[in-house]
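S.K.: Supplied structure: upload39.csv, CSV, C-alpha atoms.
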```csv
chain,number,residue,atom,x,y,z
A,1,MET,CA,-13.9,-56.0,226.7
A,2,THR,CA,-11.9,-56.3,223.5
A,3,ASP,CA,-12.5,-53.6,220.9
A,4,ARG,CA,-13.0,-55.1,217.5
A,5,GLN,CA,-13.0,-53.7,214.0
A,6,ILE,CA,-13.6,-55.0,210.5
A,7,PRO,CA,-10.2,-55.4,208.8
A,8,ARG,CA,-9.3,-53.1,205.9
A,9,TRP,CA,-8.2,-54.6,202.6
A,10,SER,CA,-4.9,-52.9,203.0
A,11,GLU,CA,-4.4,-54.9,206.2
A,12,LEU,CA,-5.5,-58.2,204.7
A,13,LYS,CA,-3.6,-58.0,201.4
A,14,PRO,CA,-0.1,-58.6,202.9
A,15,LEU,CA,-1.3,-61.7,204.6
A,16,LEU,CA,-2.7,-63.3,201.4
A,17,ARG,CA,0.3,-65.1,199.9
A,18,PRO,CA,-1.0,-68.1,197.9
A,19,LYS,CA,1.6,-70.7,197.0
A,20,PRO,CA,2.6,-70.7,193.3
A,21,LEU,CA,0.7,-73.2,191.3
A,22,THR,CA,2.8,-76.2,190.4
A,23,LEU,CA,1.6,-78.0,187.4
A,24,ASP,CA,4.1,-80.9,187.5
A,25,ALA,CA,2.5,-83.7,189.6
A,26,THR,CA,5.9,-85.1,190.6
A,27,GLU,CA,7.2,-81.8,191.8
A,28,ARG,CA,4.0,-81.2,193.8
A,29,ARG,CA,4.3,-84.6,195.4
A,30,LEU,CA,8.0,-84.3,196.2
A,31,GLY,CA,7.6,-80.8,197.4
A,32,LYS,CA,5.4,-82.0,200.3
A,33,ALA,CA,8.1,-84.5,201.4
A,34,LEU,CA,10.1,-82.9,204.3
A,35,THR,CA,11.6,-86.1,205.7
A,36,ILE,CA,12.6,-89.6,204.5
A,37,ALA,CA,9.5,-90.8,206.3
A,38,ASP,CA,7.4,-88.6,204.1
A,39,LEU,CA,9.0,-90.1,201.0
A,40,ARG,CA,8.3,-93.5,202.4
A,41,ALA,CA,4.6,-92.7,202.8
A,42,ILE,CA,4.4,-91.5,199.2
A,43,ALA,CA,6.3,-94.5,198.0
A,44,LYS,CA,3.8,-96.8,199.7
A,45,ARG,CA,0.9,-95.2,198.0
A,46,ARG,CA,2.5,-95.2,194.5
A,47,THR,CA,4.1,-98.7,194.4
A,48,PRO,CA,2.5,-102.2,194.3
A,49,ARG,CA,2.4,-103.7,197.7
A,50,SER,CA,4.8,-106.6,196.9
A,51,VAL,CA,7.4,-104.3,195.5
A,52,PHE,CA,7.1,-101.8,198.4
A,53,ASP,CA,7.3,-104.6,200.9
A,54,TYR,CA,10.4,-106.1,199.3
A,55,THR,CA,12.1,-102.7,199.8
A,56,ASP,CA,10.6,-101.9,203.2
A,57,GLY,CA,10.6,-105.3,204.8
A,58,ALA,CA,13.2,-107.3,206.7
A,59,ALA,CA,13.7,-110.9,207.9
A,60,GLU,CA,11.3,-112.9,210.0
A,61,GLY,CA,9.8,-110.7,212.8
A,62,GLU,CA,11.8,-107.7,211.5
A,63,ILE,CA,13.2,-107.2,215.0
A,64,SER,CA,16.7,-106.3,213.8
A,65,LEU,CA,15.4,-103.5,211.7
A,66,GLY,CA,13.1,-102.2,214.4
A,67,ARG,CA,15.9,-102.2,217.0
A,68,ALA,CA,18.2,-100.3,214.7
A,69,ARG,CA,15.6,-97.6,214.0
A,70,GLN,CA,14.6,-97.5,217.7
A,71,LEU,CA,18.1,-97.0,218.8
A,72,PHE,CA,18.6,-94.0,216.5
A,73,ALA,CA,15.3,-92.6,217.8
A,74,GLU,CA,16.3,-93.0,221.4
A,75,MET,CA,19.9,-91.8,221.2
A,76,GLU,CA,20.5,-88.3,222.7
A,77,LEU,CA,22.4,-85.6,220.8
A,78,ARG,CA,24.5,-83.3,223.1
A,79,PRO,CA,25.2,-79.9,221.7
A,80,SER,CA,28.2,-77.6,222.6
A,81,ILE,CA,26.9,-74.0,222.6
A,82,LEU,CA,28.5,-70.7,221.6
A,83,ARG,CA,30.5,-72.1,218.7
A,84,ASP,CA,31.0,-70.3,215.4
A,85,VAL,CA,29.0,-72.5,213.0
A,86,SER,CA,28.6,-69.9,210.3
A,87,ASP,CA,30.4,-72.2,207.8
A,88,VAL,CA,29.6,-75.9,208.2
A,89,ASP,CA,31.6,-78.3,206.0
A,90,THR,CA,29.8,-81.7,205.6
A,91,SER,CA,32.5,-83.2,203.4
A,92,THR,CA,34.7,-86.1,204.4
A,93,THR,CA,37.2,-88.6,202.9
A,94,MET,CA,36.2,-92.0,201.7
A,95,LEU,CA,38.9,-94.3,200.5
A,96,GLY,CA,41.3,-91.4,200.1
A,97,GLU,CA,39.0,-89.3,198.0
A,98,ARG,CA,36.7,-86.4,198.9
A,99,SER,CA,33.0,-87.0,199.3
A,100,ALA,CA,30.8,-84.0,199.5
A,101,GLN,CA,28.6,-85.7,202.1
A,102,PRO,CA,29.5,-88.3,204.8
A,103,PHE,CA,27.3,-91.0,203.2
A,104,ALA,CA,27.2,-93.1,200.1
A,105,PHE,CA,24.3,-94.8,198.2
A,106,ALA,CA,24.3,-98.4,199.2
A,107,PRO,CA,24.0,-101.3,196.8
A,108,THR,CA,20.4,-102.5,196.4
A,109,GLY,CA,19.0,-105.4,194.4
A,110,PHE,CA,16.4,-105.2,191.7
A,111,THR,CA,16.3,-101.4,191.7
A,112,ARG,CA,14.4,-101.0,188.4
A,113,MET,CA,11.6,-102.9,190.1
A,114,MET,CA,11.1,-99.9,192.5
A,115,ASN,CA,11.0,-97.5,189.5
A,116,HIS,CA,11.8,-98.0,185.9
A,117,GLU,CA,14.5,-95.3,186.0
A,118,GLY,CA,16.5,-97.6,188.3
A,119,GLU,CA,20.2,-97.6,189.0
A,120,SER,CA,21.0,-95.1,186.2
A,121,ALA,CA,18.9,-92.5,188.0
A,122,VAL,CA,20.6,-93.2,191.3
A,123,VAL,CA,24.1,-93.0,190.0
A,124,ARG,CA,23.3,-89.7,188.2
A,125,VAL,CA,22.1,-88.2,191.5
A,126,ALA,CA,25.2,-89.6,193.3
A,127,ASP,CA,27.4,-87.8,190.7
A,128,ARG,CA,25.5,-84.5,191.2
A,129,VAL,CA,25.7,-84.7,195.0
A,130,GLY,CA,29.4,-85.7,194.9
A,131,ILE,CA,29.1,-89.1,196.8
A,132,PRO,CA,29.9,-92.7,195.8
A,133,TYR,CA,27.3,-95.1,194.5
A,134,ALA,CA,27.6,-98.9,194.9
A,135,LEU,CA,26.0,-101.1,192.2
A,136,SER,CA,24.7,-104.4,193.5
A,137,THR,CA,25.5,-107.8,191.9
A,138,MET,CA,21.7,-108.1,191.9
A,139,GLY,CA,21.2,-104.8,190.2
A,140,THR,CA,18.9,-104.5,187.2
A,141,THR,CA,21.2,-102.4,185.1
A,142,SER,CA,24.4,-103.7,183.7
A,143,ILE,CA,27.8,-102.7,185.0
A,144,GLU,CA,28.6,-101.0,181.7
A,145,ASP,CA,25.3,-99.1,181.4
A,146,VAL,CA,25.6,-97.7,184.9
A,147,ALA,CA,29.1,-96.5,184.1
A,148,ALA,CA,27.8,-94.9,180.9
A,149,ALA,CA,25.0,-93.1,182.8
A,150,ALA,CA,27.4,-91.1,184.9
A,151,PRO,CA,31.0,-91.5,183.6
A,152,ASN,CA,32.5,-89.1,186.3
A,153,ALA,CA,30.6,-90.6,189.3
A,154,ARG,CA,32.5,-92.5,192.0
A,155,LYS,CA,31.3,-96.0,191.4
A,156,TRP,CA,31.8,-99.1,193.6
A,157,PHE,CA,30.8,-102.6,192.6
A,158,GLN,CA,29.2,-104.8,195.3
A,159,LEU,CA,30.0,-108.6,194.9
A,160,TYR,CA,28.6,-111.7,196.3
A,161,VAL,CA,30.8,-114.7,196.0
A,162,TRP,CA,29.2,-117.2,193.6
A,163,LYS,CA,29.3,-120.9,193.5
A,164,ASP,CA,30.6,-120.4,190.0
A,165,ARG,CA,33.8,-118.6,190.8
A,166,ASP,CA,34.5,-118.0,187.1
A,167,SER,CA,31.3,-115.9,186.8
A,168,GLY,CA,32.3,-113.9,189.9
A,169,GLU,CA,35.8,-113.3,188.5
A,170,ASP,CA,34.2,-112.1,185.2
A,171,LEU,CA,32.1,-109.6,187.1
A,172,VAL,CA,35.1,-108.2,188.9
A,173,LYS,CA,37.0,-107.8,185.6
A,174,ARG,CA,34.1,-106.1,184.0
A,175,ALA,CA,33.9,-103.6,186.9
A,176,ALA,CA,37.6,-102.9,186.6
A,177,SER,CA,37.3,-102.3,182.8
A,178,ALA,CA,34.3,-100.0,183.3
A,179,GLY,CA,36.3,-97.8,185.8
A,180,TYR,CA,34.7,-98.8,189.1
A,181,GLU,CA,36.8,-97.5,191.9
A,182,ALA,CA,36.3,-100.0,194.7
A,183,LEU,CA,35.0,-103.6,195.2
A,184,MET,CA,32.5,-104.2,198.0
A,185,LEU,CA,32.3,-107.8,199.1
A,186,THR,CA,29.1,-108.7,201.0
A,187,VAL,CA,29.7,-111.6,203.4
A,188,ASP,CA,26.5,-112.0,205.4
A,189,VAL,CA,24.5,-114.0,202.8
A,190,PRO,CA,25.6,-117.6,203.0
A,191,VAL,CA,21.9,-118.4,202.5
A,192,ALA,CA,18.9,-116.2,202.0
A,193,GLY,CA,17.2,-114.7,205.1
A,194,ALA,CA,13.5,-115.5,205.7
A,195,ARG,CA,11.8,-112.4,204.3
A,196,LEU,CA,8.3,-113.2,205.2
A,197,ARG,CA,6.6,-110.3,203.5
A,198,ASP,CA,7.9,-111.6,200.2
A,199,VAL,CA,6.6,-115.1,200.9
A,200,ARG,CA,3.2,-113.9,201.9
A,201,ASN,CA,3.0,-111.6,198.8
A,202,GLY,CA,4.2,-114.3,196.4
A,203,PHE,CA,6.8,-111.9,195.2
A,204,THR,CA,8.9,-113.0,192.2
A,205,ILE,CA,11.5,-111.5,189.9
A,206,PRO,CA,10.0,-110.1,187.7
A,207,PRO,CA,6.5,-109.8,189.2
A,208,SER,CA,4.1,-112.4,188.1
A,209,LEU,CA,0.7,-111.5,186.6
A,210,THR,CA,-1.4,-113.4,189.0
A,211,ALA,CA,-5.0,-112.6,190.0
A,212,LYS,CA,-3.7,-110.8,193.1
A,213,THR,CA,-1.2,-108.6,191.1
A,214,VAL,CA,-3.7,-107.8,188.4
A,215,LEU,CA,-6.0,-106.4,191.1
A,216,ASP,CA,-3.1,-104.5,192.6
A,217,ALA,CA,-2.3,-103.1,189.1
A,218,ALA,CA,-5.7,-101.3,189.1
A,219,SER,CA,-4.6,-99.0,191.9
A,220,HIS,CA,-1.0,-98.6,190.6
A,221,PRO,CA,-1.5,-98.2,186.8
A,222,ALA,CA,1.5,-95.9,186.2
A,223,TRP,CA,3.9,-98.3,187.8
A,224,TRP,CA,2.7,-101.2,185.7
A,225,MET,CA,2.7,-99.2,182.6
A,226,ASN,CA,6.3,-98.1,183.1
A,227,LEU,CA,7.3,-101.7,183.8
A,228,LEU,CA,5.6,-103.1,180.7
A,229,THR,CA,6.5,-100.3,178.2
A,230,THR,CA,10.2,-99.8,179.1
A,231,LYS,CA,13.0,-102.2,178.1
A,232,PRO,CA,13.0,-105.6,179.9
A,233,LEU,CA,15.0,-105.8,183.1
A,234,THR,CA,18.7,-106.3,182.5
A,235,PHE,CA,20.5,-107.8,185.4
A,236,ALA,CA,24.0,-106.6,186.3
A,237,SER,CA,25.2,-110.1,186.8
A,238,LEU,CA,22.9,-112.7,185.1
A,239,SER,CA,20.9,-112.9,182.0
A,240,ASN,CA,17.5,-113.6,183.5
A,241,TRP,CA,15.6,-115.2,186.4
A,242,ASN,CA,12.0,-116.4,187.0
A,243,GLY,CA,11.4,-117.2,190.6
A,244,THR,CA,11.6,-115.9,194.2
A,245,VAL,CA,14.4,-113.8,195.6
A,246,ALA,CA,15.3,-116.5,198.2
A,247,GLU,CA,15.5,-119.2,195.5
A,248,LEU,CA,17.8,-117.0,193.4
A,249,LEU,CA,20.2,-116.3,196.3
A,250,ASP,CA,20.4,-119.9,197.4
A,251,LYS,CA,21.1,-121.0,193.8
A,252,LEU,CA,23.9,-118.5,193.1
A,253,PHE,CA,25.7,-117.7,196.3
A,254,ASP,CA,28.5,-119.9,197.8
A,255,PRO,CA,27.9,-120.9,201.5
A,256,THR,CA,31.4,-122.4,201.6
A,257,MET,CA,33.2,-119.1,201.5
A,258,THR,CA,35.7,-118.4,204.3
A,259,ILE,CA,38.2,-115.7,205.2
A,260,ASP,CA,40.8,-117.4,203.0
A,261,ASP,CA,38.7,-116.4,200.0
A,262,LEU,CA,39.7,-112.8,200.5
A,263,ALA,CA,43.2,-113.8,199.2
A,264,TRP,CA,41.6,-115.1,196.0
A,265,LEU,CA,39.7,-111.8,195.6
A,266,ARG,CA,42.8,-109.8,196.2
A,267,SER,CA,44.5,-111.7,193.5
A,268,ILE,CA,42.0,-110.5,190.9
A,269,TRP,CA,41.2,-107.0,192.2
A,270,SER,CA,43.9,-104.4,192.7
A,271,GLY,CA,41.8,-101.5,193.9
A,272,PRO,CA,40.3,-100.7,197.3
A,273,LEU,CA,38.4,-103.6,199.0
A,274,ILE,CA,35.4,-103.0,201.2
A,275,VAL,CA,33.9,-105.9,203.2
A,276,LYS,CA,30.2,-105.4,204.1
A,277,GLY,CA,28.2,-107.3,206.7
A,278,ILE,CA,30.6,-107.1,209.7
A,279,GLN,CA,28.7,-107.6,213.0
A,280,THR,CA,31.4,-108.2,215.6
A,281,ALA,CA,34.7,-106.6,216.6
A,282,ASP,CA,36.5,-109.9,216.2
A,283,ASP,CA,35.3,-110.3,212.6
A,284,ALA,CA,36.3,-106.7,211.9
A,285,ARG,CA,39.8,-107.4,213.0
A,286,ARG,CA,39.9,-110.6,210.9
A,287,VAL,CA,38.9,-109.0,207.6
A,288,VAL,CA,41.1,-106.0,208.1
A,289,ASP,CA,44.1,-108.3,208.8
A,290,ALA,CA,43.2,-110.2,205.7
A,291,GLY,CA,43.4,-107.0,203.5
A,292,ALA,CA,40.2,-105.1,203.7
A,293,ASP,CA,40.6,-101.3,203.2
A,294,ALA,CA,37.2,-100.6,204.7
A,295,ILE,CA,34.4,-102.4,206.5
A,296,VAL,CA,30.7,-101.9,206.6
A,297,LEU,CA,29.2,-102.5,210.0
A,298,SER,CA,25.8,-103.8,208.9
A,299,ASN,CA,23.2,-106.5,209.5
A,300,HIS,CA,22.0,-106.2,205.9
A,301,GLY,CA,19.2,-103.8,206.9
A,302,GLY,CA,17.8,-106.5,209.1
A,303,ARG,CA,17.1,-108.6,206.0
A,304,GLN,CA,19.2,-111.7,207.0
A,305,LEU,CA,19.6,-112.8,210.6
A,306,ASP,CA,16.8,-111.5,212.7
A,307,ARG,CA,17.9,-110.3,216.2
A,308,ALA,CA,21.4,-109.7,214.9
A,309,PRO,CA,23.6,-107.1,216.6
A,310,THR,CA,22.5,-103.5,216.2
A,311,PRO,CA,25.2,-101.7,214.2
A,312,LEU,CA,25.0,-98.4,216.1
A,313,ARG,CA,25.2,-100.1,219.5
A,314,ILE,CA,28.5,-102.0,218.7
A,315,LEU,CA,30.0,-99.2,216.6
A,316,PRO,CA,32.3,-97.8,219.3
A,317,GLU,CA,33.7,-101.2,220.0
A,318,VAL,CA,34.3,-102.0,216.4
A,319,SER,CA,35.8,-98.6,215.7
A,320,LYS,CA,38.2,-99.1,218.5
A,321,ALA,CA,39.2,-102.6,217.3
A,322,VAL,CA,39.9,-101.4,213.8
A,323,GLY,CA,41.7,-98.2,214.8
A,324,ASP,CA,43.4,-96.5,211.8
A,325,LYS,CA,44.0,-99.7,209.9
A,326,ALA,CA,40.8,-99.4,207.8
A,327,GLU,CA,37.8,-97.1,207.4
A,328,VAL,CA,34.5,-98.0,209.2
A,329,TYR,CA,31.2,-97.4,207.5
A,330,LEU,CA,27.8,-98.1,209.0
A,331,ASP,CA,24.4,-98.9,207.6
A,332,THR,CA,21.0,-100.3,208.7
A,333,GLY,CA,18.1,-98.2,210.1
A,334,ILE,CA,19.2,-94.8,208.9
A,335,MET,CA,16.2,-92.5,208.3
A,336,SER,CA,17.6,-89.0,208.8
A,337,GLY,CA,20.7,-86.9,208.6
A,338,ALA,CA,20.8,-86.8,212.4
A,339,ASP,CA,21.2,-90.6,212.4
A,340,ILE,CA,24.2,-90.2,210.1
A,341,VAL,CA,25.7,-87.5,212.4
A,342,ALA,CA,25.3,-89.8,215.4
A,343,ALA,CA,27.1,-92.6,213.7
A,344,LEU,CA,30.0,-90.3,212.7
A,345,ALA,CA,30.3,-89.1,216.3
A,346,LEU,CA,30.5,-92.7,217.6
A,347,GLY,CA,33.3,-93.6,215.3
A,348,ALA,CA,32.0,-94.2,211.8
A,349,ASP,CA,34.0,-92.7,208.9
A,350,ALA,CA,30.8,-92.5,206.8
A,351,CYS,CA,27.4,-94.2,206.4
A,352,LEU,CA,25.6,-96.1,203.6
A,353,VAL,CA,22.0,-95.4,202.9
A,354,GLY,CA,19.8,-97.8,200.9
A,355,ARG,CA,16.1,-97.7,201.8
A,356,ALA,CA,16.2,-93.9,202.2
A,357,TYR,CA,17.0,-93.3,198.5
A,358,LEU,CA,14.8,-96.2,197.3
A,359,TYR,CA,11.8,-94.5,199.0
A,360,GLY,CA,12.6,-91.4,197.0
A,361,LEU,CA,13.0,-93.5,193.8
A,362,MET,CA,9.6,-95.0,194.3
A,363,ALA,CA,8.1,-91.6,195.1
A,364,GLY,CA,9.4,-89.8,192.1
A,365,GLY,CA,12.1,-91.5,190.1
A,366,GLU,CA,15.4,-89.6,189.7
A,367,ARG,CA,13.9,-86.4,191.2
A,368,GLY,CA,12.8,-88.5,194.2
A,369,VAL,CA,16.3,-89.8,194.7
A,370,GLN,CA,17.6,-86.2,194.5
A,371,ARG,CA,14.9,-85.2,197.1
A,372,ALA,CA,16.1,-87.9,199.4
A,373,ALA,CA,19.7,-86.8,199.1
A,374,ASP,CA,18.8,-83.1,199.6
A,375,ILE,CA,16.8,-84.0,202.8
A,376,LEU,CA,19.7,-86.0,204.3
A,377,SER,CA,22.3,-83.3,203.3
A,378,THR,CA,20.2,-80.5,204.8
A,379,GLU,CA,19.6,-82.5,208.0
A,380,ILE,CA,23.3,-83.3,208.4
A,381,ARG,CA,24.3,-79.6,208.0
A,382,ARG,CA,21.6,-78.4,210.4
A,383,THR,CA,22.4,-81.1,213.0
A,384,MET,CA,26.1,-80.3,212.9
A,385,ALA,CA,25.4,-76.6,213.3
A,386,LEU,CA,23.1,-77.2,216.3
A,387,LEU,CA,25.7,-79.4,217.9
A,388,GLY,CA,28.3,-76.6,217.5
A,389,VAL,CA,30.4,-78.6,215.0
A,390,ARG,CA,31.9,-77.0,211.9
A,391,GLN,CA,33.4,-80.1,210.2
A,392,VAL,CA,32.9,-83.9,210.3
A,393,SER,CA,36.2,-84.5,211.9
A,394,ASP,CA,35.1,-82.5,215.0
A,395,LEU,CA,32.4,-84.9,215.9
A,396,ASN,CA,33.2,-87.2,218.8
A,397,PRO,CA,31.5,-89.5,221.3
A,398,ASP,CA,30.7,-86.6,223.6
A,399,HIS,CA,28.1,-85.5,221.1
A,400,VAL,CA,26.0,-88.6,221.5
A,401,ARG,CA,24.6,-90.6,224.4
A,402,LEU,CA,23.1,-94.0,223.8
A,403,PRO,CA,20.4,-95.4,226.1
A,404,HIS,CA,21.4,-98.4,228.2
```
Would you give me this structure, written as C-alpha cells?
M.R.:
Amino acid sequence: MTDRQIPRWSELKPLLRPKPLTLDATERRLGKALTIADLRAIAKRRTPRSVFDYTDGAAEGEISLGRARQLFAEMELRPSILRDVSDVDTSTTMLGERSAQPFAFAPTGFTRMMNHEGESAVVRVADRVGIPYALSTMGTTSIEDVAAAAPNARKWFQLYVWKDRDSGEDLVKRAASAGYEALMLTVDVPVAGARLRDVRNGFTIPPSLTAKTVLDAASHPAWWMNLLTTKPLTFASLSNWNGTVAELLDKLFDPTMTIDDLAWLRSIWSGPLIVKGIQTADDARRVVDAGADAIVLSNHGGRQLDRAPTPLRILPEVSKAVGDKAEVYLDTGIMSGADIVAALALGADACLVGRAYLYGLMAGGERGVQRAADILSTEIRRTMALLGVRQVSDLNPDHVRLPH
C-alpha cells in the first residue's frame, strides 16, 4: 500500500508558477501560436471568410496545393549523428548578397485586404529579419510607399507582363528608381486559374457590401472597421478596380507572351532577373539560357493549373538541369522550417514563403508577420541541428528521402 500525506505549503509553493498576465490581446493571441498552422487557425477566426479563402484557397479541386503539402509531410529527414552543432548558421546567399535566413517573402496580391497594415508591415519585418521581400504587381501599396516603409530592406519587384507594354515598362522604371534590387517575372498566368472558393464567395476587389458580407461583418467587426477607417486601397500598379480577381487578371495580363519577351525585359532592366513559375527542367534551361539569373520552381501555390507538377518532387531534376548557371528557389506548400530545410537539401538555393506570412498578417498584423518569421527561423535552426548540419551549404540529398 502506498503511504500518503497531505502536502505542505513549502512543497506546493515551488510548483505554483502562474504565467504573467498579458494585457495586450494581440500578444496573447500570437503567444499561443507555436506553428504556422496555429497562425492559420487564428487567421481563419479573425478574417472574413471570403478574404481568408482568397489567401488559403487554390485552383479547382485544390489538388496541386494538397499534393505539395502532402509531399512535405511524407518526406523523411535523415540525421547524421555525433556532429558539433553548437553554432548553427542559417544564412545563405541570394543573388550575390547575404540573407540571414534561406527564405524570402514571396509576392502576394491584395495584401492590405488580409490586414490593413499590408505590404508596409511585411517589408519592415523582412528588413528586421534580414531577408528579401518581393512586392507584387497586384500589391495594394505603391512601389514608392513600400520603399519608404523600409529604405534599407532588400526589395524585389514582381512583374506580370501586361497587354499594355508601356504600363509594364513604367512599373519597371519606377521599381528601378525606388531602389528595388531585382525584378521577378511571373510566367504562369497567361489566364487566371479557376479559384472556385472565390467564385462561390462572390469575392471582389474591394469586398462588396452584399447581404452576405454584411452578415459576415458582424462576426469580424475589427477587420471591417480597419478596412473602412484606413486609407483606401492603393494598388502598386493600377489606380483602381471593381470586379473579381479573375476578371482583373484576364483584362490586364498578356497571353501572347513568349520566351522572346525576356529580351525585351532585359533591354529595360539592368539588374538581376528572376523568373517565377517554372515547372519543368526543359523550361528551366530555356529561361536560364535566355538570361535569367534565378528561377522559382513553383506552381503558383496551386492557384493556376490544378494537378500541376509538385515543385519538391521535380526539384532534384531541375537543380541538375540548371547547374551553377542560375540560382534555384522553390515555393508552394511550405508550412514549416523543416519544409525549407528539405528543399535546400534537395537542391534549392532558397525558398519563397507566401501563405505562411499572410496567415501571420491576418492573425496579428506586423507582429503576426514577425511571429511567422520567428517560427520558421527557429524551426530551420532546430532542424539543421538535429540533422547534424552547421550551415546551409552542408545540406545535401542524403539528408532527405522522398516517398515513391
S.K.: Using only C-alpha atoms, determine which residues lie at most 10 Å from Val322 in chain A, disregarding the query and same-chain residues fewer than 2 positions distant; provide the list as a PyMOL selection string.
M.R.: chain A and resi 281-282+284-289+294-295+317-320+324-328
S.K.: With distances taken over all atoms listed in the file, which of A:Met362, A:Val51, A:Leu95, A:Leu185 is nearest to Phe203 in chain A?
M.R.: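 Answer, going by the shortest atom-to-atom distance: A:Val51.
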S.K.: Just the residues within 8 Å of Leu233 in chain A, please, counting all atoms listed in the file, with nothing from its chain fewer than 2 positions along; format it as a PyMOL selection string.
M.R.: chain A and resi 112+140-141+231+235
S.K.: Pick the closest to Leu315 in chain A from A:Met335, A:Leu346, A:Ile6, A:Val146: which is it, counting all atoms listed in the file?
M.R.: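 Comparing A:Met335, A:Leu346, A:Ile6, A:Val146 against Leu315 in chain A, the winner is A:Leu346.
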S.K.: Counting only C-alpha atoms, which of A:Ala342, A:Leu262, A:Ala176, A:Ala356 gets nearest to Arg401 in chain A?
M.R.: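 When distances to Arg401 in chain A are compared using only C-alpha atoms, the smallest one comes from A:Ala342.
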S.K.: What is the distance between CA of Ala41 in chain A and CA of Arg371 in chain A, in Å to one decimal?
M.R.: 14.0 Å
S.K.: Can you measure CA of Thr230 in chain A to CA of Tyr180 in chain A for me? One decimal in Å is fine.
M.R.: 26.5 Å
S.K.: I'd like a table as a tab-separated table: residues in range 150-189 of chain A with an atom no more than 12 Å from range 299-303 of chain A, each row giving the shortest atom pair and its distance in Å to one decimal, all atoms listed in the file counted, sorted by chain and rising residue number.
M.R.:
```
residue	atom	partner	partner_atom	distance
A:Thr186	CA	A:His300	CA	9.0
A:Val187	CA	A:His300	CA	9.7
A:Asp188	CA	A:His300	CA	7.4
A:Val189	CA	A:His300	CA	8.8
```
S.K.: Quick one: distance from CA of Pro255 in chain A to CA of Gln304 in chain A in Å, one decimal?
M.R.: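 Straight-line distance from CA of Pro255 in chain A to CA of Gln304 in chain A works out to 13.8 Å.
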S.K.: Identify which of the residues A:Ser219, A:Gln370, A:Ser393, A:Thr47 lies closest to Ala33 in chain A, counting all atoms listed in the file when measuring atom-to-atom distances.
M.R.: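 Residue with the minimum atom-to-atom distance to Ala33 in chain A: A:Gln370.
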S.K.: Select, from A:Ala25, A:Val389, A:Ile334, A:Leu183, the residue with the minimum atom-to-atom distance to Arg69 in chain A, counting all atoms listed in the file.
M.R.: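 Of the candidates, the smallest distance to Arg69 in chain A is held by A:Ile334.
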